[in-house]
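Undergrad: Pasting a structure below so you can have a look.
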Amino acid sequence: MSAETLTIDVSGRMLTLSAWRAAFDPVLKSLFVADVHLGKDAVFRARGVPVPVGSTLETLGRLDNLIAEHRPESIFFLGDLLHARESHAEEMLTALRDWRLRHSGVRLVLVEGNHDKHAGALADEFGVETVSEPYRLGPWALCHHAQTVEGAYVLAGHEHPVIRLATGFDRVRLPCFRFGARVGMLPAFGAFTGGFEVRADAADDEVYAVAGERVVRVRNR
């Protein structure tokens with residue numbers, strides 16, 4: 001299964017945006033993914049909310065597709081890989097363990113987010129390196145929270161940006177990438193996540209909406 005990509009210029013560096021809600025640097029062979037929130041469905045069920053099973057497998061399946069398409073050497077998670085302590089449910093760990101075995105040669109790096117601190121670290125068997133923000137990688141400063149970093153362009157998550165599009169009486173909210181002069185924000189990758197609507201404060205930013213299998217520019221600087 002494939003999804004459309006769109007390669008854009010971000011502060012003089014090419015970055016490929018995927019409709020799978022991730023970004024890829026072809027020079028560094030690195031994939032950037034924000035706000036995966038693995039095990040969020042297990043957290044809700046543990047707290048008495050009867051949500052469906054399966055979001056973890058759907059999320060890991062999209063990671064499979066991204067790896068098959070881009071062949072990254074490294075995946076950098078921009079915070080919130082796990083949702084909460086209850087994410088360590090056996091069903092989630094088993095799915096993640098199987099996924100990791102399929103991709104044992106890919107380096108995994110987690111830029112620690114606020115949810116990760118509460119969830120607790122994964123066991124060493126999963127091979128996930130944990131680093132603090134900002135983490136410098138080539139021209140990028142990888143963060144969970146949007147911030148400015150001297151001498152680098154920030155790629156961040158946390159806000160789960162979405163944009164509202166309208167035509168007549170119809171309205172739709174779509175996940176989106178948002179790029180300002182010094183900070184870019186990726187959409188939430190997880191299958192079971194909400195979103196924070198991009199409003200007037202993004203008037204000067206470039207915004208790219210994820211519409212099904214397409215990435216569409218909807219606002220220009």
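A note on labels: chains of the structure tokens are A, B, ... as shown, every chain counts residues from 1, and ligands are counted from 1 in their shown order.
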Env of region 132-138 of chain A: 8 Å cut, atoms = only C-alpha atoms, seq-sep filter 5 positions within chain, self excluded. Answer as a VMD selection string.

TA: chain A and resid 28 111 to 112 143 to 144 149 152

Undergrad: Can I get the selected residues back with N, CA and C atoms, as a PDB file, in the first residue's frame?

TA:
ATOM      1  N   LEU A  28      20.068  12.499   5.001  1.00  0.00           N
ATOM      2  CA  LEU A  28      20.421  11.839   6.255  1.00  0.00           C
ATOM      3  C   LEU A  28      19.804  10.446   6.371  1.00  0.00           C
ATOM      4  N   VAL A 111      13.065  11.337  21.073  1.00  0.00           N
ATOM      5  CA  VAL A 111      13.235  12.617  21.743  1.00  0.00           C
ATOM      6  C   VAL A 111      12.129  12.684  22.800  1.00  0.00           C
ATOM      7  N   GLU A 112      12.489  12.589  24.040  1.00  0.00           N
ATOM      8  CA  GLU A 112      11.510  12.372  25.109  1.00  0.00           C
ATOM      9  C   GLU A 112      10.453  13.472  25.168  1.00  0.00           C
ATOM     10  N   CYS A 143      12.837  18.212  18.401  1.00  0.00           N
ATOM     11  CA  CYS A 143      12.221  18.545  19.690  1.00  0.00           C
ATOM     12  C   CYS A 143      10.848  17.893  19.775  1.00  0.00           C
ATOM     13  N   HIS A 144      10.318  17.865  20.985  1.00  0.00           N
ATOM     14  CA  HIS A 144       8.903  17.529  21.143  1.00  0.00           C
ATOM     15  C   HIS A 144       8.087  18.814  21.179  1.00  0.00           C
ATOM     16  N   VAL A 149      15.821  27.276  18.267  1.00  0.00           N
ATOM     17  CA  VAL A 149      17.163  26.814  18.604  1.00  0.00           C
ATOM     18  C   VAL A 149      18.137  27.540  17.680  1.00  0.00           C
ATOM     19  N   ALA A 152      19.751  26.327  13.951  1.00  0.00           N
ATOM     20  CA  ALA A 152      19.114  25.108  13.456  1.00  0.00           C
ATOM     21  C   ALA A 152      17.641  25.369  13.177  1.00  0.00           C
TER      22      ALA A 152
END

Undergrad: Step one, run DSSP on the backbone; step two, keep only residues of chain A assigned to strand (DSSP E or B); then write them as a PyMOL selection string.

TA: chain A and resi 5-10+13-18+22-25+30-34+38+74-77+82+107-111+128-131+135-137+140-142+153-156+161-167+170-179+183-185+188+196-197+206-211+214-219

Undergrad: So how many Å separate CA of Val109 (chain A) and CA of Asp124 (chain A), to one decimal?

TA: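 These two atoms are separated by 12.6 Å.
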
Undergrad: Just checking: using only C-alpha atoms, which residue out of A:Trp99, A:Phe189, A:Phe179, A:Trp140 ends up closest to His160 (chain A)?

TA: A:Phe189

Undergrad: Enumerate the residues of region 20-198 of chain A with a DSSP assignment of helix (DSSP H, G or I), computed from the backbone, and present them as a VMD selection string.

TA: chain A and resid 40 to 46 55 to 70 85 to 88 90 to 102 114 to 119 124 to 126
